[in-house]
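A.B. asks: Take this structure, written in structure tokens, and hold onto it; I'll ask about it next.
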Amino acid sequence: MDFNLTKEQKMFQQTLRKLLENKEVEKNSFSRDLWERLAELGTFGLGVSEELGGFGDEYELIQVTAYELGKYLVHSPFYETVTISAQVFGKQEGSVWRKKVEEIISGQKIISFIDKANNIIAEKEDLKHWRIYGKAEVVSFGQIADGFICSASNTLFYVSKDQVTSVDLDFIDNRPVSQIYFENVIVLDQNRLSEVGQSEKILEFPRKLGRLFTSSYMTGASQGALDLAIEYMNTREQFGKTISSFQALSHWAADLQTMSDAALLFTRQLGWEITNGNDTETSILCLKYAAQVYKNCATAVVQMAGGYGFMMEYDMQHYYRNVLGTEQIYEAPQNISVDLRLKDQKEASLLGVTI
Amino acid sequence: MDFAFTDEQIAFRNEVRAFCEKEVTKEIMDEIYVKGDEHSPSFYKKLAEKGWIGLDFPVEYGGLGKKQIEMAIFREETAYYMAPMMSNEINNILTHSILLIGDENQKKEFVPSVAKGNILFCMGYTEPGSGSDLASLKTRAVKDGDKYLVNGQKIFTTNAHIADYCVLAARTDPQAPKHKGISLFIIDMKTKGIEIGPLWTLGGYRVNTVYFENVIIDESTRIGRENEGWKALALALDIERSGLVYVGKARRILDETIKYLNREKPECLEPNHWVSEKLNGLLAEVKAARLLTYRVPLMQAEGKVPNGEASMAKLYTTELLKKVSTTAIEVMGKDALLTHKSMRNLVNGLFEENYRSSAMGTIVAGTSQIQREIIAKRGLHLASK
Ligand SMILES: Cc1cc2nc3c(=O)[nH]c(=O)nc-3n(C[C@H](O)[C@H](O)[C@H](O)COP(=O)(O)OP(=O)(O)OC[C@H]3O[C@@H](n4cnc5c(N)ncnc54)[C@H](O)[C@@H]3O)c2cc1C
């Protein structure tokens, strides 16, 4: 057993870190330039088969990438474009879809994802066409996306940006979100990406990768927040001592660091399990855990810095504003759970032969 | 035992509610969000017309002379309606300092004017290096004949940019033990040498840094005796440790959440659904918290000094408000994170705004960690050695 990154994985992590450091990434913001640099690094080909121009099943590196992006609190459509869209396109036959995957890998195209919770309706117009209508409320990167993968009446479709209307919304952490209107959009049957009524089947694997991304991002963000607070506590003095010497804070930080370590290992395990094809329900549990840890950390660090933590000039507020947005946009973990009724009586704890 | 409000108290609560229903308009909330001041002059004027700025000031100084319990009801209900009450809170605390130790001239000059809504105070206590350890403050007021020369810096000063006067805590005896060398002054904000700069908060509104550079003030601006400011400062700050504001807000957020879910996702409210379970738990906590908060004014009315009890109320309600604000968003989903500026927001962005500003309660007026210290030491008498 070995919980560490391999030498190559560490090198990849270092390169990514250097990029993020050099770019002096502004927290809670999206930069096209950075997106292109991430493409140059090859991050968008992670988990995409080599045949399609990707790097194969490098799922563990998705964990590494997401963790670093989280630590620097970068907004990006990685979840929507890479873990969902590249995977779904990659499952389709034909050169059109192959090209779309290539455009994702090279960073040219951003695809957003409209999940089933939006109640978009798809009806058969004629033999070759579908009519899609409804509106999707808070679509991440909706105004930036070149196209959408949309779950409508439990069927997946590809819809290009010209077919819909996007209205900008203002979100707590300034991430780009918009409302997307489908006003009787006519879509060719060729642009249907799943069997009719079977969207979840094709989304099963992309969702797992999505959870790997989100939980790793949240874990990186938890650590980023904690690092800030620890640095602050070690310098701020009250009552003639550094505030880190007050157990009310130091024990609290110790609890949070323990959880953050556990979340890091949990997300690495998930990357490894997906690679080895033996992830059962880990992705759901991992997402729930990482979200809880991130919420604990993001709220704690504001408190730990007192009045300064509440000021926009200090970085703690970025995590506080980011956490619920990340949680609620990316498959709000409250709304998914492992179906315990299906469990083998002997293995109700889900543990199995791996840790 | 008696857990019921009197008929007069119920009538007063209804009056405050009716007032807020009418006066806390969307225009006022928009004004606050846009300007980033937690103060609305037009709303404040309406409060003054009702006499409620001076609700608990003595009648002889232009107040209504109401008791702590009425004040509690007033705080809870105005908070429930999210009325812009910050300037009133600050004015109330600082006016009580004047009432406690000010001389007759000061009481006559300031208290009736505050009650009429003609004066706004700001509280110049916290400094960059002195927050929780407020008594370590370094701003100096050096006596020179019948004047004082003030030098120093204050931080996080709410309303400094719109206030007429600052109630300033400054060190007048650097040799004395730290609590014993502090005096309070009422300084006109137009005095030469005062410079104000903005600091923007996670809550979306403005606080300030205030620099005092060779500011000359008259001896008559000192409140109480020299070096005896600490007690009045601390006593007045204790006034709002009852947590009523936070419990009022928590009730409102829960009510709006339940209303929204009834309308949009009624299936979530079926018994045993996780959403319903969570909300039930929070309703229970809010009810329990409300008892802790009302214990404080009841004790005060009996002439007792709620110490650990006030800290319990403040600690529990501020932490609870954060929990309620977060859970509300979790059960409603991402739409609740749209800001007041955004199209499609829910209740004018109430949930988003409240989630951000709820992080403040556990920091101001003594952080949660400091409240726990007070409960442990003064409430439980736990030994510290
Ligand atoms: C929005 C806002 C408005 C404000 N308005 C005003 C105002 O109008 N006028 C004014 O004078 N002040 C104002 N304040 C200041 C406020 O009262 C202080 O922020 C508060 O007292 C905490 O001090 P601090 O910010 O320096 O934090 P610090 O005291 O530096 O605290 C940092 C952390 O250390 C912890 N800590 C400190 N001491 C101990 C200890 N002994 N044991 C355990 N933990 C400890 C704290 O709990 C906190 O987690 C305002 C603050 C805010 C955020």
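Just so we're on the same page: first chain in the structure tokens is A, next is B, and so on; residues restart at 1 for each chain, and ligands are numbered from 1 in the order they show up.
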Based on only C-alpha atoms, which of the residues in chain B come within 8 Å of chain A? I want them as a PyMOL selection string.

C.D. replies: chain B and resi 129-133+136+156+199-203+326+329-330+333-335+337-339+341-344+352+356+359-360+362-364+367+369

A.B. asks: Excluding Asp315 of chain A and any residue of its chain fewer than 6 positions from it, enumerate the residues within 12 Å of it, using only C-alpha atoms, and give them as an NGL selection string.

C.D. replies: (:A and (26-28 or 72-73 or 221 or 224-229 or 231-232 or 298 or 301-302 or 305 or 308-309 or 321-322)) or (:B and (201-202))

A.B. asks: If DSSP is run on the backbone, what residues of segment 291-362 of chain B are helix (DSSP H, G or I)? A reply as JSON, numbers by chain would be ideal.

C.D. replies: {"B": [291, 292, 293, 294, 295, 296, 297, 298, 299, 300, 301, 308, 309, 310, 311, 312, 313, 314, 315, 316, 317, 318, 319, 320, 321, 322, 323, 324, 325, 326, 327, 328, 329, 330, 331, 332, 334, 335, 336, 337, 347, 348, 349, 350, 351, 352, 353, 354, 355, 356, 357, 358, 359, 360, 361]}

A.B. asks: Taking into account only C-alpha atoms and all ligand atoms, which residue in the set A:Thr235, A:Ser166, A:Gln108, A:Ser140 is nearest to ligand 1?

C.D. replies: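 Result for the nearest residue to ligand 1: A:Thr235.
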
A.B. asks: Considering only C-alpha atoms and all ligand atoms, state which residue in the set B:Leu315, B:Met29, B:Leu254, B:Ile370 is at the smallest distance from ligand 1.

C.D. replies: B:Ile370
